[in-house]
file input-v4.pdb (PDB, C-alpha atoms and all ligand atoms)
ATOM      1  CA  MET A 187     -55.091-122.648 -97.962
ATOM      2  CA  THR A 188     -55.507-120.275-100.830
ATOM      3  CA  ASP A 189     -52.938-118.026-102.457
ATOM      4  CA  LYS A 190     -55.476-115.285-102.888
ATOM      5  CA  LYS A 191     -54.536-112.102-101.059
ATOM      6  CA  PRO A 192     -57.197-110.863 -98.623
ATOM      7  CA  GLU A 193     -59.236-107.978-100.018
ATOM      8  CA  LEU A 194     -58.804-104.596 -98.312
ATOM      9  CA  SER A 195     -61.938-103.487 -96.570
ATOM     10  CA  ALA A 196     -63.915-100.702 -98.223
ATOM     11  CA  ALA A 197     -62.931 -98.317 -95.421
ATOM     12  CA  MET A 198     -59.240 -98.970 -95.947
ATOM     13  CA  LYS A 199     -59.578 -98.580 -99.692
ATOM     14  CA  SER A 200     -61.492 -95.304 -99.543
ATOM     15  CA  LYS A 201     -59.303 -92.284-100.139
ATOM     16  CA  VAL A 202     -58.784 -90.206 -97.022
ATOM     17  CA  GLU A 203     -59.392 -86.542 -97.727
ATOM     18  CA  PRO A 204     -56.129 -84.688 -97.003
ATOM     19  CA  LYS A 205     -56.477 -82.556 -93.910
ATOM     20  CA  VAL A 206     -55.596 -78.918 -94.496
ATOM     21  CA  PHE A 207     -53.479 -77.580 -91.647
ATOM     22  CA  LYS A 208     -53.049 -73.972 -90.742
ATOM     23  CA  LYS A 209     -49.303 -73.368 -90.567
ATOM     24  CA  ASN A 210     -48.111 -71.416 -87.549
ATOM     25  CA  PRO A 211     -44.719 -69.792 -87.428
ATOM     26  CA  ILE A 212     -42.819 -70.312 -84.185
ATOM     27  CA  ASN A 213     -43.463 -67.314 -81.965
ATOM     28  CA  GLY A 214     -40.727 -64.714 -81.899
ATOM     29  CA  THR A 215     -38.670 -66.061 -84.768
ATOM     30  CA  LYS A 216     -38.110 -65.122 -88.404
ATOM     31  CA  PHE A 217     -36.825 -68.377 -89.916
ATOM     32  CA  THR A 218     -37.167 -71.980 -88.816
ATOM     33  CA  ILE A 219     -34.613 -74.468 -90.092
ATOM     34  CA  ALA A 220     -34.856 -78.169 -89.342
ATOM     35  CA  ILE A 221     -31.776 -80.352 -89.044
ATOM     36  CA  SER A 222     -32.801 -83.834 -89.972
ATOM     37  CA  SER A 223     -30.941 -87.050 -90.493
ATOM     38  CA  ALA A 224     -33.357 -89.893 -91.024
ATOM     39  CA  LYS A 225     -30.791 -92.213 -89.388
ATOM     40  CA  GLY A 226     -29.514 -91.826 -85.824
ATOM     41  CA  GLY A 227     -25.865 -91.474 -84.909
ATOM     42  CA  VAL A 228     -24.728 -89.626 -88.023
ATOM     43  CA  GLY A 229     -23.986 -86.354 -86.245
ATOM     44  CA  LYS A 230     -27.272 -84.492 -86.554
ATOM     45  CA  SER A 231     -27.211 -82.971 -83.038
ATOM     46  CA  THR A 232     -23.517 -82.166 -83.376
ATOM     47  CA  PHE A 233     -24.341 -80.375 -86.613
ATOM     48  CA  ALA A 234     -27.378 -78.556 -85.162
ATOM     49  CA  THR A 235     -25.453 -77.224 -82.145
ATOM     50  CA  ASN A 236     -22.430 -76.125 -84.151
ATOM     51  CA  LEU A 237     -24.494 -74.505 -86.884
ATOM     52  CA  ALA A 238     -26.476 -72.602 -84.235
ATOM     53  CA  LEU A 239     -23.197 -71.385 -82.703
ATOM     54  CA  ALA A 240     -21.781 -70.442 -86.109
ATOM     55  CA  LEU A 241     -24.884 -68.394 -86.950
ATOM     56  CA  LYS A 242     -24.554 -66.637 -83.611
ATOM     57  CA  LYS A 243     -20.876 -65.903 -84.257
ATOM     58  CA  ILE A 244     -21.716 -64.122 -87.505
ATOM     59  CA  GLY A 245     -24.189 -61.868 -85.709
ATOM     60  CA  CYS A 246     -27.552 -63.652 -85.927
ATOM     61  CA  LYS A 247     -29.928 -64.068 -83.009
ATOM     62  CA  VAL A 248     -30.385 -67.796 -82.658
ATOM     63  CA  GLY A 249     -32.619 -70.284 -80.886
ATOM     64  CA  LEU A 250     -31.975 -74.010 -80.588
ATOM     65  CA  LEU A 251     -34.951 -76.299 -80.198
ATOM     66  CA  ASP A 252     -34.279 -79.920 -79.356
ATOM     67  CA  ALA A 253     -37.232 -81.715 -80.923
ATOM     68  CA  ASP A 254     -35.778 -85.146 -80.211
ATOM     69  CA  ILE A 255     -38.190 -86.051 -77.431
ATOM     70  CA  TYR A 256     -37.001 -89.641 -77.002
ATOM     71  CA  GLY A 257     -33.283 -88.857 -77.187
ATOM     72  CA  PRO A 258     -32.546 -85.221 -76.318
ATOM     73  CA  SER A 259     -28.867 -84.312 -76.775
ATOM     74  CA  ILE A 260     -28.825 -80.540 -76.340
ATOM     75  CA  PRO A 261     -28.571 -80.549 -72.510
ATOM     76  CA  LYS A 262     -25.363 -82.615 -72.714
ATOM     77  CA  MET A 263     -23.900 -80.930 -75.790
ATOM     78  CA  PHE A 264     -24.536 -77.439 -74.404
ATOM     79  CA  GLY A 265     -23.710 -78.383 -70.811
ATOM     80  CA  ILE A 266     -27.070 -77.221 -69.469
ATOM     81  CA  ASP A 267     -28.245 -78.584 -66.156
ATOM     82  CA  GLU A 268     -31.058 -76.270 -65.119
ATOM     83  CA  LYS A 269     -34.797 -76.170 -65.408
ATOM     84  CA  PRO A 270     -36.544 -73.497 -67.466
ATOM     85  CA  LYS A 271     -38.661 -71.006 -65.542
ATOM     86  CA  SER A 272     -42.362 -70.721 -66.217
ATOM     87  CA  ASP A 273     -44.910 -68.013 -65.414
ATOM     88  CA  GLY A 274     -47.686 -70.598 -65.616
ATOM     89  CA  GLN A 275     -48.359 -69.658 -69.244
ATOM     90  CA  LYS A 276     -45.034 -69.790 -71.019
ATOM     91  CA  LEU A 277     -41.645 -71.402 -70.556
ATOM     92  CA  GLU A 278     -38.514 -69.261 -70.631
ATOM     93  CA  PRO A 279     -35.790 -70.643 -72.906
ATOM     94  CA  ILE A 280     -32.439 -71.216 -71.238
ATOM     95  CA  MET A 281     -29.706 -68.874 -72.438
ATOM     96  CA  LYS A 282     -26.344 -70.520 -73.149
ATOM     97  CA  TYR A 283     -23.547 -69.146 -75.329
ATOM     98  CA  ASP A 284     -25.995 -66.363 -76.262
ATOM     99  CA  ILE A 285     -28.394 -68.888 -77.736
ATOM    100  CA  GLN A 286     -31.959 -69.438 -76.533
ATOM    101  CA  CYS A 287     -32.369 -73.181 -75.912
ATOM    102  CA  MET A 288     -35.246 -75.535 -75.174
ATOM    103  CA  SER A 289     -35.251 -79.306 -74.739
ATOM    104  CA  ILE A 290     -37.431 -81.910 -73.081
ATOM    105  CA  GLY A 291     -34.200 -82.867 -71.353
ATOM    106  CA  PHE A 292     -34.409 -79.635 -69.310
ATOM    107  CA  LEU A 293     -37.743 -80.751 -67.884
ATOM    108  CA  ALA A 294     -37.068 -84.432 -67.179
ATOM    109  CA  ASP A 295     -34.200 -86.125 -65.415
ATOM    110  CA  GLN A 296     -31.408 -86.865 -67.941
ATOM    111  CA  GLN A 297     -31.661 -90.610 -67.396
ATOM    112  CA  THR A 298     -35.457 -90.811 -67.398
ATOM    113  CA  PRO A 299     -36.789 -92.332 -70.620
ATOM    114  CA  MET A 300     -39.755 -90.561 -72.194
ATOM    115  CA  ILE A 301     -42.180 -93.460 -72.526
ATOM    116  CA  TRP A 302     -44.694 -91.543 -74.583
ATOM    117  CA  ARG A 303     -47.061 -92.346 -77.383
ATOM    118  CA  GLY A 304     -47.196 -90.184 -80.532
ATOM    119  CA  PRO A 305     -49.928 -87.737 -79.435
ATOM    120  CA  MET A 306     -47.928 -86.783 -76.340
ATOM    121  CA  VAL A 307     -44.893 -86.102 -78.489
ATOM    122  CA  THR A 308     -46.994 -83.930 -80.790
ATOM    123  CA  SER A 309     -48.318 -82.053 -77.788
ATOM    124  CA  ALA A 310     -44.770 -81.472 -76.463
ATOM    125  CA  ILE A 311     -43.735 -80.124 -79.884
ATOM    126  CA  LYS A 312     -46.662 -77.713 -79.857
ATOM    127  CA  THR A 313     -45.704 -76.520 -76.384
ATOM    128  CA  PHE A 314     -42.117 -75.933 -77.503
ATOM    129  CA  THR A 315     -43.124 -74.005 -80.592
ATOM    130  CA  GLN A 316     -46.066 -71.991 -79.257
ATOM    131  CA  LYS A 317     -45.605 -71.814 -75.481
ATOM    132  CA  VAL A 318     -41.952 -70.895 -75.170
ATOM    133  CA  ASN A 319     -41.001 -67.272 -74.850
ATOM    134  CA  TRP A 320     -38.655 -67.255 -77.859
ATOM    135  CA  LYS A 321     -37.542 -63.659 -78.215
ATOM    136  CA  ASP A 322     -36.611 -61.724 -81.290
ATOM    137  CA  LEU A 323     -34.819 -64.538 -83.146
ATOM    138  CA  ASP A 324     -33.473 -64.501 -86.685
ATOM    139  CA  PHE A 325     -33.186 -68.279 -86.807
ATOM    140  CA  ILE A 326     -34.452 -71.167 -84.812
ATOM    141  CA  ILE A 327     -32.502 -74.351 -85.443
ATOM    142  CA  VAL A 328     -34.578 -77.453 -84.796
ATOM    143  CA  ASP A 329     -32.746 -80.651 -83.937
ATOM    144  CA  MET A 330     -35.169 -83.258 -85.295
ATOM    145  CA  PRO A 331     -35.334 -86.851 -84.098
ATOM    146  CA  PRO A 332     -34.151 -89.460 -86.584
ATOM    147  CA  GLY A 333     -36.711 -91.018 -88.875
ATOM    148  CA  THR A 334     -39.871 -89.916 -90.599
ATOM    149  CA  GLY A 335     -42.374 -89.939 -87.779
ATOM    150  CA  ASP A 336     -44.783 -87.809 -85.765
ATOM    151  CA  THR A 337     -42.358 -84.965 -85.066
ATOM    152  CA  GLN A 338     -41.423 -84.483 -88.722
ATOM    153  CA  LEU A 339     -45.079 -84.614 -89.666
ATOM    154  CA  THR A 340     -46.124 -82.051 -87.058
ATOM    155  CA  PHE A 341     -43.364 -79.668 -88.044
ATOM    156  CA  SER A 342     -43.975 -80.032 -91.753
ATOM    157  CA  GLN A 343     -47.749 -79.712 -91.658
ATOM    158  CA  GLU A 344     -48.505 -77.391 -88.763
ATOM    159  CA  ILE A 345     -45.433 -75.213 -88.312
ATOM    160  CA  LYS A 346     -44.068 -72.795 -90.843
ATOM    161  CA  MET A 347     -40.700 -74.286 -91.736
ATOM    162  CA  ASP A 348     -38.380 -72.365 -93.984
ATOM    163  CA  GLY A 349     -36.014 -75.163 -94.810
ATOM    164  CA  ALA A 350     -34.468 -78.466 -93.846
ATOM    165  CA  ILE A 351     -30.864 -79.608 -93.935
ATOM    166  CA  ILE A 352     -30.261 -83.331 -94.105
ATOM    167  CA  VAL A 353     -27.160 -84.694 -92.409
ATOM    168  CA  SER A 354     -25.742 -88.108 -93.245
ATOM    169  CA  THR A 355     -22.591 -90.154 -93.245
ATOM    170  CA  PRO A 356     -21.644 -91.491 -96.673
ATOM    171  CA  GLN A 357     -22.523 -95.060 -95.654
ATOM    172  CA  GLU A 358     -25.074 -96.919 -97.791
ATOM    173  CA  VAL A 359     -27.189 -97.918 -94.798
ATOM    174  CA  ALA A 360     -27.506 -94.267 -93.761
ATOM    175  CA  LEU A 361     -28.186 -93.128 -97.325
ATOM    176  CA  LEU A 362     -31.180 -95.418 -97.637
ATOM    177  CA  ASP A 363     -32.803 -93.533 -94.775
ATOM    178  CA  VAL A 364     -31.751 -90.230 -96.302
ATOM    179  CA  LYS A 365     -33.632 -91.069 -99.486
ATOM    180  CA  ARG A 366     -36.749 -91.743 -97.442
ATOM    181  CA  GLY A 367     -36.190 -88.462 -95.592
ATOM    182  CA  ILE A 368     -35.864 -86.497 -98.857
ATOM    183  CA  LYS A 369     -39.047 -88.027-100.217
ATOM    184  CA  MET A 370     -40.898 -87.230 -97.000
ATOM    185  CA  PHE A 371     -39.939 -83.535 -97.065
ATOM    186  CA  ASP A 372     -40.686 -83.310-100.787
ATOM    187  CA  LYS A 373     -44.087 -84.855-100.238
ATOM    188  CA  LEU A 374     -44.845 -82.502 -97.347
ATOM    189  CA  GLY A 375     -43.685 -79.455 -99.274
ATOM    190  CA  VAL A 376     -40.702 -78.579 -97.045
ATOM    191  CA  GLN A 377     -37.838 -76.974 -98.920
ATOM    192  CA  ILE A 378     -34.625 -78.972 -98.566
ATOM    193  CA  LEU A 379     -31.735 -76.527 -98.341
ATOM    194  CA  GLY A 380     -29.244 -79.283 -98.988
ATOM    195  CA  LEU A 381     -27.377 -82.358 -97.828
ATOM    196  CA  ILE A 382     -24.292 -82.490 -95.614
ATOM    197  CA  ASP A 383     -21.741 -85.291 -95.645
ATOM    198  CA  ASN A 384     -20.708 -85.591 -91.978
ATOM    199  CA  MET A 385     -17.788 -87.777 -90.899
ATOM    200  CA  SER A 386     -16.851 -87.876 -94.586
ATOM    201  CA  SER A 387     -13.278 -89.040 -93.972
ATOM    202  CA  PHE A 388     -10.491 -89.173 -91.438
ATOM    203  CA  THR A 389      -6.961 -87.900 -92.014
ATOM    204  CA  GLY A 390      -4.437 -89.838 -89.935
ATOM    205  CA  GLU A 391      -1.165 -88.631 -88.464
ATOM    206  CA  ASP A 392       0.493 -90.144 -91.537
ATOM    207  CA  GLY A 393      -1.365 -87.506 -93.592
ATOM    208  CA  LYS A 394      -3.380 -90.183 -95.368
ATOM    209  CA  LYS A 395      -7.100 -89.725 -95.870
ATOM    210  CA  TYR A 396      -9.265 -92.678 -94.862
ATOM    211  CA  ALA A 397     -12.839 -92.913 -96.145
ATOM    212  CA  ILE A 398     -14.162 -94.837 -93.153
ATOM    213  CA  PHE A 399     -17.812 -94.843 -94.191
ATOM    214  CA  GLY A 400     -17.198 -94.879 -97.952
ATOM    215  CA  GLU A 401     -16.786 -91.965-100.299
ATOM    216  CA  GLY A 402     -19.026 -89.573-102.170
ATOM    217  CA  GLY A 403     -22.333 -91.236-101.241
ATOM    218  CA  VAL A 404     -24.029 -88.101 -99.913
ATOM    219  CA  LYS A 405     -23.008 -86.040-102.931
ATOM    220  CA  ARG A 406     -24.302 -88.729-105.283
ATOM    221  CA  THR A 407     -27.602 -88.851-103.382
ATOM    222  CA  ALA A 408     -27.930 -85.062-103.592
ATOM    223  CA  GLU A 409     -27.375 -85.246-107.352
ATOM    224  CA  GLU A 410     -29.815 -88.131-107.735
ATOM    225  CA  PHE A 411     -32.576 -86.104-106.067
ATOM    226  CA  ASN A 412     -31.594 -82.770-107.545
ATOM    227  CA  LYS A 413     -30.737 -81.231-104.176
ATOM    228  CA  GLU A 414     -27.847 -79.003-103.260
ATOM    229  CA  PHE A 415     -24.751 -80.656-101.801
ATOM    230  CA  LEU A 416     -23.644 -78.409 -98.943
ATOM    231  CA  GLY A 417     -20.243 -80.001 -98.358
ATOM    232  CA  GLU A 418     -18.206 -82.403 -96.269
ATOM    233  CA  ILE A 419     -17.317 -82.335 -92.584
ATOM    234  CA  PRO A 420     -14.434 -84.709 -91.830
ATOM    235  CA  ILE A 421     -14.007 -86.782 -88.681
ATOM    236  CA  ASP A 422     -12.055 -84.967 -86.014
ATOM    237  CA  PRO A 423     -11.816 -86.368 -82.481
ATOM    238  CA  GLU A 424     -11.999 -82.771 -81.173
ATOM    239  CA  VAL A 425     -15.614 -82.609 -82.374
ATOM    240  CA  GLY A 426     -16.663 -85.462 -80.086
ATOM    241  CA  LYS A 427     -14.492 -84.279 -77.209
ATOM    242  CA  PHE A 428     -15.895 -80.749 -77.140
ATOM    243  CA  GLY A 429     -19.450 -82.019 -77.661
ATOM    244  CA  ASP A 430     -19.112 -84.238 -74.606
ATOM    245  CA  GLN A 431     -17.668 -81.360 -72.609
ATOM    246  CA  GLY A 432     -20.783 -79.295 -73.279
ATOM    247  CA  LYS A 433     -18.991 -76.685 -75.397
ATOM    248  CA  PRO A 434     -19.152 -77.618 -79.102
ATOM    249  CA  ILE A 435     -16.142 -77.075 -81.325
ATOM    250  CA  VAL A 436     -17.340 -73.823 -82.944
ATOM    251  CA  GLU A 437     -17.474 -72.281 -79.451
ATOM    252  CA  SER A 438     -14.387 -74.040 -78.025
ATOM    253  CA  ASN A 439     -12.070 -73.725 -80.983
ATOM    254  CA  PRO A 440     -13.350 -71.383 -83.699
ATOM    255  CA  GLU A 441     -10.001 -71.588 -85.502
ATOM    256  CA  ASN A 442     -10.326 -75.337 -86.130
ATOM    257  CA  LYS A 443     -10.839 -76.294 -89.779
ATOM    258  CA  ILE A 444     -14.201 -77.835 -88.941
ATOM    259  CA  SER A 445     -15.376 -74.668 -87.200
ATOM    260  CA  GLN A 446     -14.481 -72.774 -90.363
ATOM    261  CA  ILE A 447     -16.685 -75.123 -92.408
ATOM    262  CA  TYR A 448     -19.577 -74.326 -90.072
ATOM    263  CA  LEU A 449     -18.912 -70.582 -90.292
ATOM    264  CA  ASP A 450     -18.868 -70.691 -94.098
ATOM    265  CA  LEU A 451     -22.125 -72.592 -94.105
ATOM    266  CA  ALA A 452     -23.686 -70.159 -91.626
ATOM    267  CA  ASN A 453     -22.715 -67.255 -93.902
ATOM    268  CA  LYS A 454     -24.285 -69.029 -96.836
ATOM    269  CA  ILE A 455     -27.539 -69.615 -94.931
ATOM    270  CA  LYS A 456     -27.629 -66.062 -93.634
ATOM    271  CA  SER A 457     -27.179 -64.564 -97.088
ATOM    272  CA  ASN A 458     -29.841 -66.910 -98.439
ATOM    273  CA  TYR A 459     -32.442 -65.536 -96.033
ATOM    274  CA  PHE A 460     -31.218 -62.001 -95.444
ATOM    275  CA  LYS A 461     -30.527 -60.584 -98.858
ATOM    276  CA  ASN A 462     -28.826 -57.211 -98.508
TER     277      ASN A 462
HETATM  278  P1  LIG B   1     -27.155 -87.921 -84.034
HETATM  279  O1  LIG B   1     -27.728 -86.643 -83.510
HETATM  280  O2  LIG B   1     -27.289 -88.062 -85.516
HETATM  281  O3  LIG B   1     -27.636 -89.142 -83.311
HETATM  282  P2  LIG B   1     -24.673 -87.087 -82.758
HETATM  283  O4  LIG B   1     -24.591 -85.646 -83.117
HETATM  284  O5  LIG B   1     -25.091 -87.465 -81.374
HETATM  285  O6  LIG B   1     -25.572 -87.889 -83.821
HETATM  286  O7  LIG B   1     -23.254 -87.709 -83.111
HETATM  287  C1  LIG B   1     -22.948 -89.079 -82.947
HETATM  288  C2  LIG B   1     -21.512 -89.218 -82.486
HETATM  289  O8  LIG B   1     -20.634 -88.848 -83.536
HETATM  290  C3  LIG B   1     -21.171 -88.331 -81.310
HETATM  291  O9  LIG B   1     -20.319 -89.056 -80.450
HETATM  292  C4  LIG B   1     -20.428 -87.142 -81.939
HETATM  293  O10 LIG B   1     -19.487 -86.572 -81.047
HETATM  294  C5  LIG B   1     -19.718 -87.836 -83.086
HETATM  295  N1  LIG B   1     -19.450 -86.935 -84.232
HETATM  296  C6  LIG B   1     -20.349 -86.281 -84.982
HETATM  297  N2  LIG B   1     -19.737 -85.598 -85.976
HETATM  298  C7  LIG B   1     -18.408 -85.832 -85.846
HETATM  299  C8  LIG B   1     -17.240 -85.409 -86.562
HETATM  300  N3  LIG B   1     -17.310 -84.614 -87.635
HETATM  301  N4  LIG B   1     -16.031 -85.863 -86.124
HETATM  302  C9  LIG B   1     -15.945 -86.686 -85.048
HETATM  303  N5  LIG B   1     -16.988 -87.121 -84.333
HETATM  304  C10 LIG B   1     -18.220 -86.700 -84.720
END

call {"tool": "encode", "arguments": {"input": "input-v4.pdb", "output": "structure tokens"}}
result
Amino acid sequence: MTDKKPELSAAMKSKVEPKVFKKNPINGTKFTIAISSAKGGVGKSTFATNLALALKKIGCKVGLLDADIYGPSIPKMFGIDEKPKSDGQKLEPIMKYDIQCMSIGFLADQQTPMIWRGPMVTSAIKTFTQKVNWKDLDFIIVDMPPGTGDTQLTFSQEIKMDGAIIVSTPQEVALLDVKRGIKMFDKLGVQILGLIDNMSSFTGEDGKKYAIFGEGGVKRTAEEFNKEFLGEIPIDPEVGKFGDQGKPIVESNPENKISQIYLDLANKIKSNYFKN
């Protein structure tokens, strides 16, 4: 046995020439915003659906693209149980709450796992961005899968993305993934609009605030990477309840404090892109 590390082959050592991709905007839409989380279970789909609804409520025309091929959530969270129509060339998005929606979950049975390799995922993403009849949209909100894989790469390199919002809980284990996510978008030249601290704390009936996943971690990460901190969304059982009922909180209860946070954020995003 020798301690010497095996030499990399010449082919592995040789620098791969970066491939230059032509960036295509999504048909029929002005601005594409990705909602990313790096880690699963932090509330990314909840955020994507509610932000889409908030943008609609302030007068924008909105599309919602579920790019989470292995774990689509939009059919459940928007209560959609129908198949999109196709003219043989293009798929028609499904209209719900005045939002144009598309998800792999509309095409496959809800309980059928998508046992697909990367190239098939990439091909599905291309279909959803180029072969869906998105019509006259101001914003398309893309619910990304967790992680830093094929879908993120396809969107960043081949699709014109106008910005990404990173959602996280303040827990260290989630923040580690967030840091990887930030570095990925920076490397791929995608503008990060900011970081959101979801499930930041819970206020009990005793009026006390409990920092269940720790405190301030997302804000600190934003500062560390020189990104904007977009704010905190506390834990509210109503959020989960309405999500499960297929009518997210911004649509079910616009007066709720959390809905107001989404509406403020939607106004901020709108004024960022549509300067009057
Ligand atoms: P992800 O898309 O990151 O996997 P989800 O959006 O599916 O995460 O959310 C994970 C769970 O957390 C869901 O049960 C959702 O209802 C719940 N959830 C998300 N945000 C909140 C919140 N602010 N308050 C309470 N529950 C929340």

call {"tool": "residues_near_ligand", "arguments": {"input": "input-v4.pdb", "ligand": "ligand LIG 1 (chain B)", "cutoff": "10 Å", "atoms": "all atoms listed in the file", "output": "PyMOL selection string"}}
result
chain A and resi 221-236+254+257-260+262-263+329-332+353-355+383-388+418-430+434-435+444

call {"tool": "closest_atom_pairs", "arguments": {"input": "input-v4.pdb", "of": "range 261-280 of chain A", "to": "range 241-253 of chain A", "cutoff": "10 Å", "atoms": "all atoms listed in the file", "output": "Markdown table"}}
result
| residue | atom | partner | partner_atom | distance |
| --- | --- | --- | --- | --- |
| A:Pro261 | CA | A:Asp252 | CA | 8.9 |
| A:Pro279 | CA | A:Gly249 | CA | 8.6 |
| A:Ile280 | CA | A:Gly249 | CA | 9.7 |

call {"tool": "axis_aligned_box", "arguments": {"input": "input-v4.pdb", "around": "range 223-230 of chain A", "padding_each_side": "6 Å", "output": "JSON"}}
result
{"center_x": -28.7, "center_y": -88.4, "center_z": -88.0, "size_x": 21.4, "size_y": 19.7, "size_z": 18.1}

call {"tool": "atom_distance", "arguments": {"input": "input-v4.pdb", "atom1": "CA of Lys317 in chain A", "atom2": "CA of Leu277 in chain A"}}
result
6.3 Å

call {"tool": "residues_around", "arguments": {"input": "input-v4.pdb", "residues": "Ser309 in chain A", "least_positions_apart": "2", "cutoff": "12 Å", "atoms": "only C-alpha atoms", "output": "JSON list (two decimals) with C-alpha atoms, in the coordinates of the input"}}
result
[["chain", "number", "residue", "atom", "x", "y", "z"],
["A", 253, "ALA", "CA", -37.23, -81.72, -80.92],
["A", 255, "ILE", "CA", -38.19, -86.05, -77.43],
["A", 290, "ILE", "CA", -37.43, -81.91, -73.08],
["A", 302, "TRP", "CA", -44.69, -91.54, -74.58],
["A", 303, "ARG", "CA", -47.06, -92.35, -77.38],
["A", 304, "GLY", "CA", -47.20, -90.18, -80.53],
["A", 305, "PRO", "CA", -49.93, -87.74, -79.44],
["A", 306, "MET", "CA", -47.93, -86.78, -76.34],
["A", 307, "VAL", "CA", -44.89, -86.10, -78.49],
["A", 311, "ILE", "CA", -43.74, -80.12, -79.88],
["A", 312, "LYS", "CA", -46.66, -77.71, -79.86],
["A", 313, "THR", "CA", -45.70, -76.52, -76.38],
["A", 314, "PHE", "CA", -42.12, -75.93, -77.50],
["A", 315, "THR", "CA", -43.12, -74.00, -80.59],
["A", 316, "GLN", "CA", -46.07, -71.99, -79.26],
["A", 317, "LYS", "CA", -45.60, -71.81, -75.48],
["A", 336, "ASP", "CA", -44.78, -87.81, -85.76],
["A", 337, "THR", "CA", -42.36, -84.96, -85.07],
["A", 340, "THR", "CA", -46.12, -82.05, -87.06],
["A", 341, "PHE", "CA", -43.36, -79.67, -88.04],
["A", 344, "GLU", "CA", -48.50, -77.39, -88.76]]

call {"tool": "closest_residue", "arguments": {"input": "input-v4.pdb", "among": "A:Ile382, A:Val364, A:Leu374, A:Met288", "to": "Phe411 in chain A", "atoms": "all atoms listed in the file"}}
result
A:Val364

call {"tool": "resolve_selection", "arguments": {"input": "input-v4.pdb", "expression": "the PyMOL selection byres (((chain A and resi 283) around 9) and not hetatm)", "output": "PyMOL selection string"}}
result
chain A and resi 239+242+264+281-282+284-286+433+437

call {"tool": "atom_distance", "arguments": {"input": "input-v4.pdb", "atom1": "CA of Lys209 in chain A", "atom2": "CA of Lys461 in chain A"}}
result
24.2 Å

call {"tool": "residues_around", "arguments": {"input": "input-v4.pdb", "residues": "Lys454 in chain A", "least_positions_apart": "4", "cutoff": "12 Å", "atoms": "only C-alpha atoms", "output": "ChimeraX atom specification"}}
result
/A:237,240-241,244,379-380,416-417,447-450,458-461

call {"tool": "residues_around", "arguments": {"input": "input-v4.pdb", "residues": "Gly349 in chain A", "least_positions_apart": "3", "cutoff": "12 Å", "atoms": "all atoms listed in the file", "output": "list in words"}}
result
Phe217, Thr218, Ile219, Ala220, Ile221, Ser222, Phe325, Ile326, Ile327, Val328, Phe341, Ser342, Ile345, Lys346, Ile352, Phe371, Asp372, Leu374, Gly375, Val376, Gln377, Ile378, Leu379, Gly380, Leu381, Ile455, Asn458 and Tyr459 of chain A

call {"tool": "closest_residue", "arguments": {"input": "input-v4.pdb", "among": "A:Leu451, A:Cys287, A:Leu362, A:Ala350", "to": "Lys321 in chain A", "atoms": "all atoms listed in the file"}}
result
A:Cys287
